[in-house]
>>> print(open('target.cif').read())   # mmCIF, C-alpha atoms
data_coords
loop_
_atom_site.group_PDB
_atom_site.id
_atom_site.type_symbol
_atom_site.label_atom_id
_atom_site.label_comp_id
_atom_site.auth_asym_id
_atom_site.auth_seq_id
_atom_site.Cartn_x
_atom_site.Cartn_y
_atom_site.Cartn_z
ATOM 1 C CA MET J 1 12.269 46.146 -43.267
ATOM 2 C CA GLY J 2 9.804 44.023 -41.342
ATOM 3 C CA LEU J 3 10.614 41.137 -39.015
ATOM 4 C CA THR J 4 14.151 40.263 -37.989
ATOM 5 C CA ILE J 5 15.658 37.737 -35.603
ATOM 6 C CA GLY J 6 17.966 38.639 -32.749
ATOM 7 C CA VAL J 7 20.275 36.061 -31.190
ATOM 8 C CA ASP J 8 21.649 36.246 -27.659
ATOM 9 C CA ILE J 9 24.508 33.851 -26.882
ATOM 10 C CA GLY J 10 24.520 33.110 -23.162
ATOM 11 C CA GLY J 11 26.707 30.899 -21.026
ATOM 12 C CA THR J 12 23.992 28.267 -20.591
ATOM 13 C CA LYS J 13 21.523 28.956 -23.412
ATOM 14 C CA ILE J 14 21.269 30.550 -26.837
ATOM 15 C CA ALA J 15 18.056 32.481 -27.446
ATOM 16 C CA ALA J 16 16.708 33.547 -30.827
ATOM 17 C CA GLY J 17 13.705 35.871 -31.021
ATOM 18 C CA VAL J 18 11.559 37.281 -33.796
ATOM 19 C CA VAL J 19 11.331 41.053 -33.292
ATOM 20 C CA ASP J 20 9.132 43.602 -35.037
ATOM 21 C CA GLU J 21 9.875 47.253 -35.830
ATOM 22 C CA GLU J 22 8.521 48.369 -32.435
ATOM 23 C CA GLY J 23 10.948 46.150 -30.529
ATOM 24 C CA THR J 24 8.294 43.600 -29.579
ATOM 25 C CA ILE J 25 9.402 39.975 -29.376
ATOM 26 C CA LEU J 26 6.839 37.885 -31.240
ATOM 27 C CA ASP J 27 8.349 34.433 -30.911
ATOM 28 C CA THR J 28 11.405 32.842 -29.302
ATOM 29 C CA HIS J 29 13.336 29.612 -29.339
ATOM 30 C CA LYS J 30 16.048 28.609 -26.897
ATOM 31 C CA VAL J 31 18.660 25.866 -27.061
ATOM 32 C CA PRO J 32 21.389 24.870 -24.593
ATOM 33 C CA THR J 33 24.803 26.413 -25.237
ATOM 34 C CA PRO J 34 27.132 23.670 -26.510
ATOM 35 C CA PRO J 35 30.651 23.313 -25.095
ATOM 36 C CA THR J 36 32.483 23.740 -28.428
ATOM 37 C CA ALA J 37 32.887 26.710 -30.763
ATOM 38 C CA GLU J 38 31.568 24.799 -33.779
ATOM 39 C CA GLY J 39 28.704 23.444 -31.717
ATOM 40 C CA ILE J 40 27.683 27.000 -30.879
ATOM 41 C CA VAL J 41 27.485 27.858 -34.590
ATOM 42 C CA ASP J 42 25.242 24.830 -35.101
ATOM 43 C CA ALA J 43 23.063 25.868 -32.157
ATOM 44 C CA ILE J 44 22.709 29.444 -33.440
ATOM 45 C CA CYS J 45 21.523 28.174 -36.807
ATOM 46 C CA ALA J 46 19.085 25.739 -35.217
ATOM 47 C CA ALA J 47 17.627 28.416 -32.926
ATOM 48 C CA VAL J 48 17.224 30.856 -35.816
ATOM 49 C CA SER J 49 15.497 28.257 -37.980
ATOM 50 C CA GLU J 50 13.080 27.233 -35.248
ATOM 51 C CA ALA J 51 12.244 30.773 -34.124
ATOM 52 C CA GLY J 52 11.608 31.899 -37.686
ATOM 53 C CA LYS J 53 9.086 29.202 -38.539
ATOM 54 C CA GLY J 54 5.832 30.760 -39.679
ATOM 55 C CA HIS J 55 7.365 34.235 -40.021
ATOM 56 C CA GLN J 56 8.709 36.174 -42.984
ATOM 57 C CA ILE J 57 12.197 36.952 -41.690
ATOM 58 C CA GLU J 58 14.406 39.453 -43.485
ATOM 59 C CA ALA J 59 17.684 39.457 -41.537
ATOM 60 C CA VAL J 60 19.435 38.090 -38.432
ATOM 61 C CA GLY J 61 21.448 39.954 -35.798
ATOM 62 C CA ILE J 62 23.799 38.072 -33.464
ATOM 63 C CA GLY J 63 25.104 39.491 -30.182
ATOM 64 C CA ALA J 64 28.478 37.937 -29.386
ATOM 65 C CA ALA J 65 30.609 38.518 -26.293
ATOM 66 C CA GLY J 66 33.954 39.570 -27.711
ATOM 67 C CA TYR J 67 35.691 41.805 -30.204
ATOM 68 C CA VAL J 68 33.768 42.045 -33.484
ATOM 69 C CA ASP J 69 35.441 43.594 -36.527
ATOM 70 C CA ASP J 70 34.318 46.852 -38.127
ATOM 71 C CA LYS J 71 32.489 44.971 -40.908
ATOM 72 C CA ARG J 72 30.318 43.288 -38.224
ATOM 73 C CA ALA J 73 31.187 39.914 -39.688
ATOM 74 C CA THR J 74 34.101 38.331 -37.822
ATOM 75 C CA VAL J 75 34.547 37.688 -34.106
ATOM 76 C CA LEU J 76 38.196 38.629 -33.677
ATOM 77 C CA PHE J 77 38.410 37.320 -30.127
ATOM 78 C CA ALA J 78 35.874 35.881 -27.697
ATOM 79 C CA PRO J 79 37.115 35.346 -24.139
ATOM 80 C CA ASN J 80 34.634 32.620 -23.199
ATOM 81 C CA ILE J 81 34.394 30.822 -26.555
ATOM 82 C CA HIS J 82 37.408 29.641 -28.524
ATOM 83 C CA TRP J 83 36.686 32.001 -31.408
ATOM 84 C CA ARG J 84 39.756 33.632 -32.958
ATOM 85 C CA HIS J 85 39.009 35.477 -36.215
ATOM 86 C CA GLU J 86 35.811 33.432 -36.460
ATOM 87 C CA PRO J 87 33.890 34.239 -39.717
ATOM 88 C CA LEU J 88 30.557 33.960 -37.910
ATOM 89 C CA LYS J 89 28.539 36.039 -40.392
ATOM 90 C CA ASP J 90 29.551 33.893 -43.369
ATOM 91 C CA LYS J 91 29.024 30.601 -41.546
ATOM 92 C CA VAL J 92 25.517 31.479 -40.349
ATOM 93 C CA GLU J 93 24.447 33.136 -43.613
ATOM 94 C CA GLN J 94 25.365 30.022 -45.557
ATOM 95 C CA ARG J 95 23.238 27.897 -43.248
ATOM 96 C CA VAL J 96 20.138 30.046 -42.722
ATOM 97 C CA GLY J 97 19.970 31.779 -46.114
ATOM 98 C CA LEU J 98 19.435 35.262 -44.624
ATOM 99 C CA PRO J 99 21.583 38.405 -44.283
ATOM 100 C CA VAL J 100 23.437 38.330 -40.942
ATOM 101 C CA VAL J 101 24.940 41.105 -38.822
ATOM 102 C CA VAL J 102 27.291 40.240 -35.942
ATOM 103 C CA GLU J 103 27.560 42.744 -33.094
ATOM 104 C CA ASN J 104 29.256 42.862 -29.720
ATOM 105 C CA ASP J 105 26.648 41.806 -27.166
ATOM 106 C CA ALA J 106 27.053 44.904 -24.974
ATOM 107 C CA ASN J 107 26.684 47.136 -28.047
ATOM 108 C CA ALA J 108 23.528 45.239 -28.981
ATOM 109 C CA ALA J 109 22.092 45.689 -25.481
ATOM 110 C CA ALA J 110 22.986 49.384 -25.518
ATOM 111 C CA TRP J 111 21.236 49.842 -28.849
ATOM 112 C CA GLY J 112 18.162 48.006 -27.583
ATOM 113 C CA GLU J 113 17.912 50.316 -24.562
ATOM 114 C CA TYR J 114 18.507 53.403 -26.705
ATOM 115 C CA ARG J 115 15.826 52.480 -29.235
ATOM 116 C CA PHE J 116 13.163 50.873 -27.068
ATOM 117 C CA GLY J 117 14.073 51.293 -23.405
ATOM 118 C CA ALA J 118 15.473 53.892 -21.045
ATOM 119 C CA GLY J 119 17.301 55.784 -23.798
ATOM 120 C CA LYS J 120 14.216 56.786 -25.781
ATOM 121 C CA GLY J 121 14.270 60.533 -26.375
ATOM 122 C CA HIS J 122 18.047 60.844 -25.968
ATOM 123 C CA GLU J 123 20.540 61.386 -28.790
ATOM 124 C CA ASP J 124 23.713 60.870 -26.750
ATOM 125 C CA VAL J 125 23.719 57.883 -24.408
ATOM 126 C CA ILE J 126 26.393 55.805 -22.731
ATOM 127 C CA CYS J 127 25.334 52.369 -21.485
ATOM 128 C CA ILE J 128 27.143 50.179 -19.017
ATOM 129 C CA THR J 129 26.209 46.649 -18.018
ATOM 130 C CA LEU J 130 27.101 45.599 -14.490
ATOM 131 C CA GLY J 131 26.990 41.841 -14.701
ATOM 132 C CA THR J 132 29.614 39.214 -14.033
ATOM 133 C CA GLY J 133 31.945 41.659 -15.770
ATOM 134 C CA LEU J 134 31.431 45.209 -17.023
ATOM 135 C CA GLY J 135 30.510 46.038 -20.616
ATOM 136 C CA GLY J 136 29.175 49.053 -22.422
ATOM 137 C CA GLY J 137 28.040 50.841 -25.536
ATOM 138 C CA ILE J 138 28.314 54.327 -26.991
ATOM 139 C CA ILE J 139 25.504 56.101 -28.852
ATOM 140 C CA ILE J 140 26.446 59.628 -29.916
ATOM 141 C CA GLY J 141 24.352 61.653 -32.366
ATOM 142 C CA ASN J 142 21.848 58.779 -32.633
ATOM 143 C CA LYS J 143 24.558 56.438 -33.937
ATOM 144 C CA LEU J 144 26.222 53.425 -32.346
ATOM 145 C CA ARG J 145 29.923 54.247 -32.206
ATOM 146 C CA ARG J 146 32.134 51.196 -32.640
ATOM 147 C CA GLY J 147 35.476 52.874 -33.356
ATOM 148 C CA ARG J 148 37.720 52.429 -36.381
ATOM 149 C CA PHE J 149 38.290 48.712 -35.827
ATOM 150 C CA GLY J 150 34.884 47.894 -34.339
ATOM 151 C CA VAL J 151 36.039 47.261 -30.770
ATOM 152 C CA ALA J 152 35.249 50.510 -28.925
ATOM 153 C CA ALA J 153 33.431 50.722 -25.569
ATOM 154 C CA GLU J 154 35.335 47.957 -23.766
ATOM 155 C CA PHE J 155 34.831 50.038 -20.638
ATOM 156 C CA GLY J 156 35.427 47.150 -18.265
ATOM 157 C CA HIS J 157 39.078 47.082 -19.251
ATOM 158 C CA ILE J 158 39.887 50.708 -18.625
ATOM 159 C CA ARG J 159 42.600 50.594 -15.971
ATOM 160 C CA VAL J 160 41.411 52.514 -12.926
ATOM 161 C CA VAL J 161 44.023 51.265 -10.437
ATOM 162 C CA PRO J 162 47.631 51.126 -11.689
ATOM 163 C CA ASP J 163 49.076 47.713 -10.799
ATOM 164 C CA GLY J 164 45.735 46.808 -9.212
ATOM 165 C CA LEU J 165 43.867 43.513 -9.131
ATOM 166 C CA LEU J 166 44.662 40.999 -11.861
ATOM 167 C CA CYS J 167 41.922 40.865 -14.491
ATOM 168 C CA GLY J 168 40.891 37.938 -16.650
ATOM 169 C CA CYS J 169 42.064 39.926 -19.683
ATOM 170 C CA GLY J 170 45.632 39.699 -18.387
ATOM 171 C CA SER J 171 45.934 43.316 -17.318
ATOM 172 C CA GLN J 172 45.786 44.743 -13.796
ATOM 173 C CA GLY J 173 43.443 47.245 -12.194
ATOM 174 C CA CYS J 174 40.632 47.054 -14.777
ATOM 175 C CA TRP J 175 37.379 48.816 -13.892
ATOM 176 C CA GLU J 176 35.378 45.572 -13.912
ATOM 177 C CA GLN J 177 37.525 44.245 -11.066
ATOM 178 C CA TYR J 178 36.000 46.971 -8.883
ATOM 179 C CA ALA J 179 32.507 47.454 -10.361
ATOM 180 C CA SER J 180 30.865 44.148 -11.335
ATOM 181 C CA GLY J 181 29.053 41.160 -9.900
ATOM 182 C CA ARG J 182 32.367 39.454 -9.182
ATOM 183 C CA ALA J 183 33.579 42.528 -7.323
ATOM 184 C CA LEU J 184 30.377 42.629 -5.262
ATOM 185 C CA VAL J 185 30.897 39.038 -4.089
ATOM 186 C CA ARG J 186 34.522 39.803 -3.226
ATOM 187 C CA TYR J 187 33.541 42.860 -1.187
ATOM 188 C CA ALA J 188 30.919 40.877 0.724
ATOM 189 C CA LYS J 189 33.301 38.028 1.511
ATOM 190 C CA GLN J 190 35.989 40.438 2.716
ATOM 191 C CA ARG J 191 33.561 42.263 4.976
ATOM 192 C CA ALA J 192 31.969 39.082 6.294
ATOM 193 C CA ASN J 193 35.422 37.783 7.192
ATOM 194 C CA ALA J 194 36.364 41.025 8.923
ATOM 195 C CA THR J 195 33.082 41.571 10.820
ATOM 196 C CA PRO J 196 31.088 38.320 10.960
ATOM 197 C CA GLU J 197 28.869 39.846 13.651
ATOM 198 C CA ASN J 198 27.481 42.188 10.967
ATOM 199 C CA ALA J 199 26.961 39.422 8.411
ATOM 200 C CA GLY J 200 24.481 37.161 10.183
ATOM 201 C CA ILE J 201 21.636 37.681 7.705
ATOM 202 C CA LEU J 202 23.949 37.225 4.733
ATOM 203 C CA LEU J 203 25.554 34.051 6.039
ATOM 204 C CA ALA J 204 22.194 32.547 6.960
ATOM 205 C CA LEU J 205 21.010 32.894 3.370
ATOM 206 C CA GLY J 206 23.861 30.699 2.150
ATOM 207 C CA ASP J 207 25.473 27.677 3.725
ATOM 208 C CA GLY J 208 26.623 29.589 6.791
ATOM 209 C CA THR J 209 30.178 30.073 5.547
ATOM 210 C CA VAL J 210 31.906 33.044 3.953
ATOM 211 C CA ALA J 211 33.016 30.832 1.066
ATOM 212 C CA GLY J 212 29.361 30.049 0.312
ATOM 213 C CA ILE J 213 28.330 33.687 -0.280
ATOM 214 C CA GLU J 214 26.834 34.276 -3.734
ATOM 215 C CA GLY J 215 25.476 37.340 -5.479
ATOM 216 C CA LYS J 216 21.841 36.361 -4.913
ATOM 217 C CA HIS J 217 22.507 36.110 -1.177
ATOM 218 C CA ILE J 218 23.993 39.626 -1.095
ATOM 219 C CA SER J 219 20.973 41.078 -2.879
ATOM 220 C CA ALA J 220 18.491 39.360 -0.556
ATOM 221 C CA ALA J 221 20.484 40.319 2.537
ATOM 222 C CA ALA J 222 20.760 43.950 1.449
ATOM 223 C CA ARG J 223 16.990 44.140 1.044
ATOM 224 C CA GLN J 224 16.744 42.976 4.656
ATOM 225 C CA GLY J 225 19.160 45.668 5.804
ATOM 226 C CA CYS J 226 22.223 43.486 6.419
ATOM 227 C CA PRO J 227 25.102 45.946 7.084
ATOM 228 C CA VAL J 228 27.718 43.886 5.240
ATOM 229 C CA ALA J 229 25.524 43.467 2.159
ATOM 230 C CA VAL J 230 24.470 47.118 2.046
ATOM 231 C CA ASP J 231 28.050 48.291 2.482
ATOM 232 C CA SER J 232 29.208 45.951 -0.298
ATOM 233 C CA PHE J 233 26.707 47.493 -2.711
ATOM 234 C CA ARG J 234 27.879 50.952 -1.690
ATOM 235 C CA GLU J 235 31.494 50.036 -2.426
ATOM 236 C CA LEU J 236 30.568 48.757 -5.867
ATOM 237 C CA ALA J 237 28.505 51.903 -6.466
ATOM 238 C CA ARG J 238 31.407 54.124 -5.433
ATOM 239 C CA TRP J 239 33.602 52.631 -8.142
ATOM 240 C CA ALA J 240 30.806 52.572 -10.723
ATOM 241 C CA GLY J 241 29.896 56.225 -10.166
ATOM 242 C CA ALA J 242 33.519 57.356 -10.287
ATOM 243 C CA GLY J 243 33.920 55.563 -13.608
ATOM 244 C CA LEU J 244 30.814 57.234 -15.018
ATOM 245 C CA ALA J 245 32.283 60.613 -14.049
ATOM 246 C CA ASP J 246 35.350 59.795 -16.145
ATOM 247 C CA LEU J 247 33.147 58.723 -19.064
ATOM 248 C CA ALA J 248 31.255 62.027 -18.757
ATOM 249 C CA SER J 249 34.548 63.840 -19.313
ATOM 250 C CA LEU J 250 35.105 61.787 -22.462
ATOM 251 C CA PHE J 251 31.650 61.709 -24.042
ATOM 252 C CA ASP J 252 29.411 64.271 -22.284
ATOM 253 C CA PRO J 253 26.178 62.269 -22.793
ATOM 254 C CA SER J 254 22.735 63.383 -21.711
ATOM 255 C CA ALA J 255 22.172 60.038 -20.000
ATOM 256 C CA PHE J 256 23.933 57.001 -18.634
ATOM 257 C CA ILE J 257 21.927 53.798 -18.687
ATOM 258 C CA VAL J 258 22.941 51.177 -16.146
ATOM 259 C CA GLY J 259 21.946 47.603 -16.938
ATOM 260 C CA GLY J 260 23.089 44.087 -16.108
ATOM 261 C CA GLY J 261 22.178 41.809 -13.231
ATOM 262 C CA VAL J 262 23.578 44.088 -10.511
ATOM 263 C CA SER J 263 21.304 46.924 -11.632
ATOM 264 C CA ASP J 264 18.246 44.740 -10.989
ATOM 265 C CA GLU J 265 18.479 45.910 -7.370
ATOM 266 C CA GLY J 266 17.218 49.341 -8.471
ATOM 267 C CA GLU J 267 17.739 52.255 -6.103
ATOM 268 C CA LEU J 268 19.733 50.087 -3.709
ATOM 269 C CA VAL J 269 22.595 50.451 -6.172
ATOM 270 C CA LEU J 270 21.508 53.297 -8.477
ATOM 271 C CA GLY J 271 21.106 55.848 -5.681
ATOM 272 C CA PRO J 272 24.689 55.377 -4.445
ATOM 273 C CA ILE J 273 25.971 55.347 -8.061
ATOM 274 C CA ARG J 274 24.369 58.754 -8.651
ATOM 275 C CA LYS J 275 25.883 60.064 -5.419
ATOM 276 C CA SER J 276 29.356 58.852 -6.410
ATOM 277 C CA PHE J 277 28.925 60.219 -9.930
ATOM 278 C CA ARG J 278 28.143 63.689 -8.552
ATOM 279 C CA ARG J 279 31.063 63.439 -6.117
ATOM 280 C CA TRP J 280 33.654 62.680 -8.806
ATOM 281 C CA LEU J 281 32.307 64.694 -11.753
ATOM 282 C CA ILE J 282 34.935 67.312 -12.591
ATOM 283 C CA GLY J 283 33.411 70.795 -12.421
ATOM 284 C CA GLY J 284 30.193 69.178 -11.282
ATOM 285 C CA GLN J 285 28.889 72.226 -9.429
ATOM 286 C CA TRP J 286 29.027 74.350 -12.582
ATOM 287 C CA ARG J 287 28.113 71.974 -15.410
ATOM 288 C CA PRO J 288 24.934 70.093 -16.404
ATOM 289 C CA HIS J 289 24.712 66.550 -15.051
ATOM 290 C CA ALA J 290 23.814 63.561 -17.193
ATOM 291 C CA GLN J 291 20.924 61.479 -15.922
ATOM 292 C CA VAL J 292 21.794 58.068 -14.486
ATOM 293 C CA LEU J 293 18.935 55.781 -15.469
ATOM 294 C CA ALA J 294 18.046 52.155 -14.842
ATOM 295 C CA ALA J 295 17.849 49.952 -17.916
ATOM 296 C CA GLN J 296 14.294 48.931 -18.761
ATOM 297 C CA LEU J 297 14.553 45.901 -21.026
ATOM 298 C CA GLY J 298 16.414 43.567 -18.678
ATOM 299 C CA GLY J 299 17.702 40.399 -20.271
ATOM 300 C CA LYS J 300 15.821 41.126 -23.515
ATOM 301 C CA ALA J 301 17.960 44.155 -24.429
ATOM 302 C CA GLY J 302 20.672 42.288 -26.302
ATOM 303 C CA LEU J 303 18.274 40.177 -28.352
ATOM 304 C CA VAL J 304 16.061 43.145 -29.251
ATOM 305 C CA GLY J 305 19.060 45.351 -30.018
ATOM 306 C CA ALA J 306 20.719 42.738 -32.224
ATOM 307 C CA ALA J 307 17.495 42.271 -34.177
ATOM 308 C CA ASP J 308 17.113 46.004 -34.703
ATOM 309 C CA LEU J 309 20.732 46.414 -35.789
ATOM 310 C CA ALA J 310 20.118 43.708 -38.387
ATOM 311 C CA ARG J 311 17.175 45.796 -39.563
ATOM 312 C CA GLN J 312 19.439 48.835 -39.898
ATOM 313 C CA GLY J 313 21.680 46.780 -42.204
#
>>> encode(input="target.cif", output="structure tokens")
Amino acid sequence: MGLTIGVDIGGTKIAAGVVDEEGTILDTHKVPTPPTAEGIVDAICAAVSEAGKGHQIEAVGIGAAGYVDDKRATVLFAPNIHWRHEPLKDKVEQRVGLPVVVENDANAAAWGEYRFGAGKGHEDVICITLGTGLGGGIIIGNKLRRGRFGVAAEFGHIRVVPDGLLCGCGSQGCWEQYASGRALVRYAKQRANATPENAGILLALGDGTVAGIEGKHISAAARQGCPVAVDSFRELARWAGAGLADLASLFDPSAFIVGGGVSDEGELVLGPIRKSFRRWLIGGQWRPHAQVLAAQLGGKAGLVGAADLARQG
């Protein structure tokens, strides 16, 4: 199969890109994300039609944040869009006249990294995305593993602290409450409140108040050596690495790939994650250690992965 289109549904924009067999994006079209579920379907179709102009497109892959059924056709539940058993494949196919595959967005990003990014050369890879929340994907034996019902790898909602912090999913103590962009901001605010004398750089980057601290401020402050910012990244990394150690016990991959916005800080966060991973890996002094690698495709991973999964059929 030749050219396919991948679609990435973001909070503010929907991007469609024409992707070749080497994972190269040849053309893109972006539209604002509408506020309604039906409007999003319309926007997906419009983006696909515009991106595909002048190209011979053979299939479309859509990365959707939520639970996608095992037939890769229906979004069973999307937390940020009012989709409940949404027949997204059928709706888009009818409009664009092309075969459509619907995939969980974190699975799509994982597949993109496995095929064209940091996972090249590995057969068994676990990906996690440290963004606003925490997502993931499982590739074992060169295959994306979705589970019997299509909703595997919801790593962010593994409970790591019994009766811990309330999660947006309704449970308590989920991993993403301790290892995510939201968690990083919470750590920084707590530390800035407790020791404002160590948070001068961080506070100066915002509006001067603890309430005004944002993720971008923490990253910039950490690069300048701000103790509160650096310590906040270390706390996030401690939880992330401990979680990877648990996943190693489950899947025994040759590599973990860490993506998402938090991972953009490179060794500032990846070094401490590796240290925590080694600390918590059961039998770590006697067993081989999986590599912990930085994702390479950045924000393109989901679009490229969705397009390639459409190519796989």
>>> resolve_selection(input="target.cif", expression="the PyMOL selection byres ((chain J and resi 248-256) around 12)", output="JSON, numbers by chain")
{"J": [110, 113, 114, 118, 119, 120, 121, 122, 123, 124, 125, 126, 127, 128, 129, 136, 137, 138, 139, 140, 141, 142, 145, 153, 155, 240, 241, 242, 243, 244, 245, 246, 247, 257, 258, 259, 270, 273, 274, 277, 278, 280, 281, 282, 283, 284, 287, 288, 289, 290, 291, 292, 293, 294, 295]}
>>> resolve_selection(input="target.cif", expression="the PyMOL selection byres ((chain J and resi 57) around 12)", output="number ranges by chain")
J: 1-6, 17-20, 26-27, 48-56, 58-61, 96-100, 307, 310-311
>>> residues_around(input="target.cif", residues="region 195-198 of chain J", least_positions_apart="4", cutoff="7 Å", atoms="only C-alpha atoms", output="compact mmCIF listing (two decimals) with C-alpha atoms, in the frame of the given file")
# COMPACT_ATOMS: atom_id res chain seq x y z
CA ARG J 191 33.56 42.26 4.98
CA PRO J 227 25.10 45.95 7.08
CA VAL J 228 27.72 43.89 5.24
>>> resolve_selection(input="target.cif", expression="the PyMOL selection byres ((chain J and resi 192) around 10)", output="list in words")
Arg186, Tyr187, Ala188, Lys189, Gln190, Arg191, Asn193, Ala194, Thr195, Pro196, Glu197, Asn198, Ala199, Gly200, Leu202, Leu203, Thr209, Val210, Ala211, Ile213, Pro227, Val228, Ala229 and Ser232 of chain J
>>> atom_distance(input="target.cif", atom1="CA of Phe116 (chain J)", atom2="CA of Gly181 (chain J)")
25.3 Å
>>> residues_near_point(input="target.cif", point="(39.6, 50.4, -13.4)", cutoff="8 Å", atoms="all atoms listed in the file", output="list in words")
Gly156, His157, Ile158, Arg159, Val160, Val161, Gly173, Cys174, Trp175, Glu176, Gln177, Tyr178 and Gly243 of chain J
>>> closest_residue(input="target.cif", among="J:Ile44, J:Ala15, J:Ala78, J:Ala106", to="Val92 (chain J)", atoms="all atoms listed in the file")
J:Ile44
>>> closest_residue(input="target.cif", among="J:Ala43, J:Gly66, J:Ile14, J:Arg182", to="Gly261 (chain J)", atoms="all atoms listed in the file")
J:Arg182
>>> atom_distance(input="target.cif", atom1="CA of Arg234 (chain J)", atom2="CA of Ala220 (chain J)")
15.0 Å
>>> residues_around(input="target.cif", residues="Phe233 (chain J)", least_positions_apart="3", cutoff="8 Å", atoms="all atoms listed in the file", output="list in words")
Leu184, Ala229, Val230, Leu236, Ala237, Leu268 and Val269 of chain J
>>> closest_residue(input="target.cif", among="J:Ile9, J:Gly117, J:Cys226, J:Val185", to="Ala204 (chain J)", atoms="all atoms listed in the file")
J:Cys226
>>> atom_distance(input="target.cif", atom1="CA of Trp239 (chain J)", atom2="CA of Ala179 (chain J)")
5.7 Å
>>> closest_residue(input="target.cif", among="J:Cys167, J:Leu130, J:Ala109, J:Cys45", to="Glu265 (chain J)", atoms="only C-alpha atoms")
J:Leu130
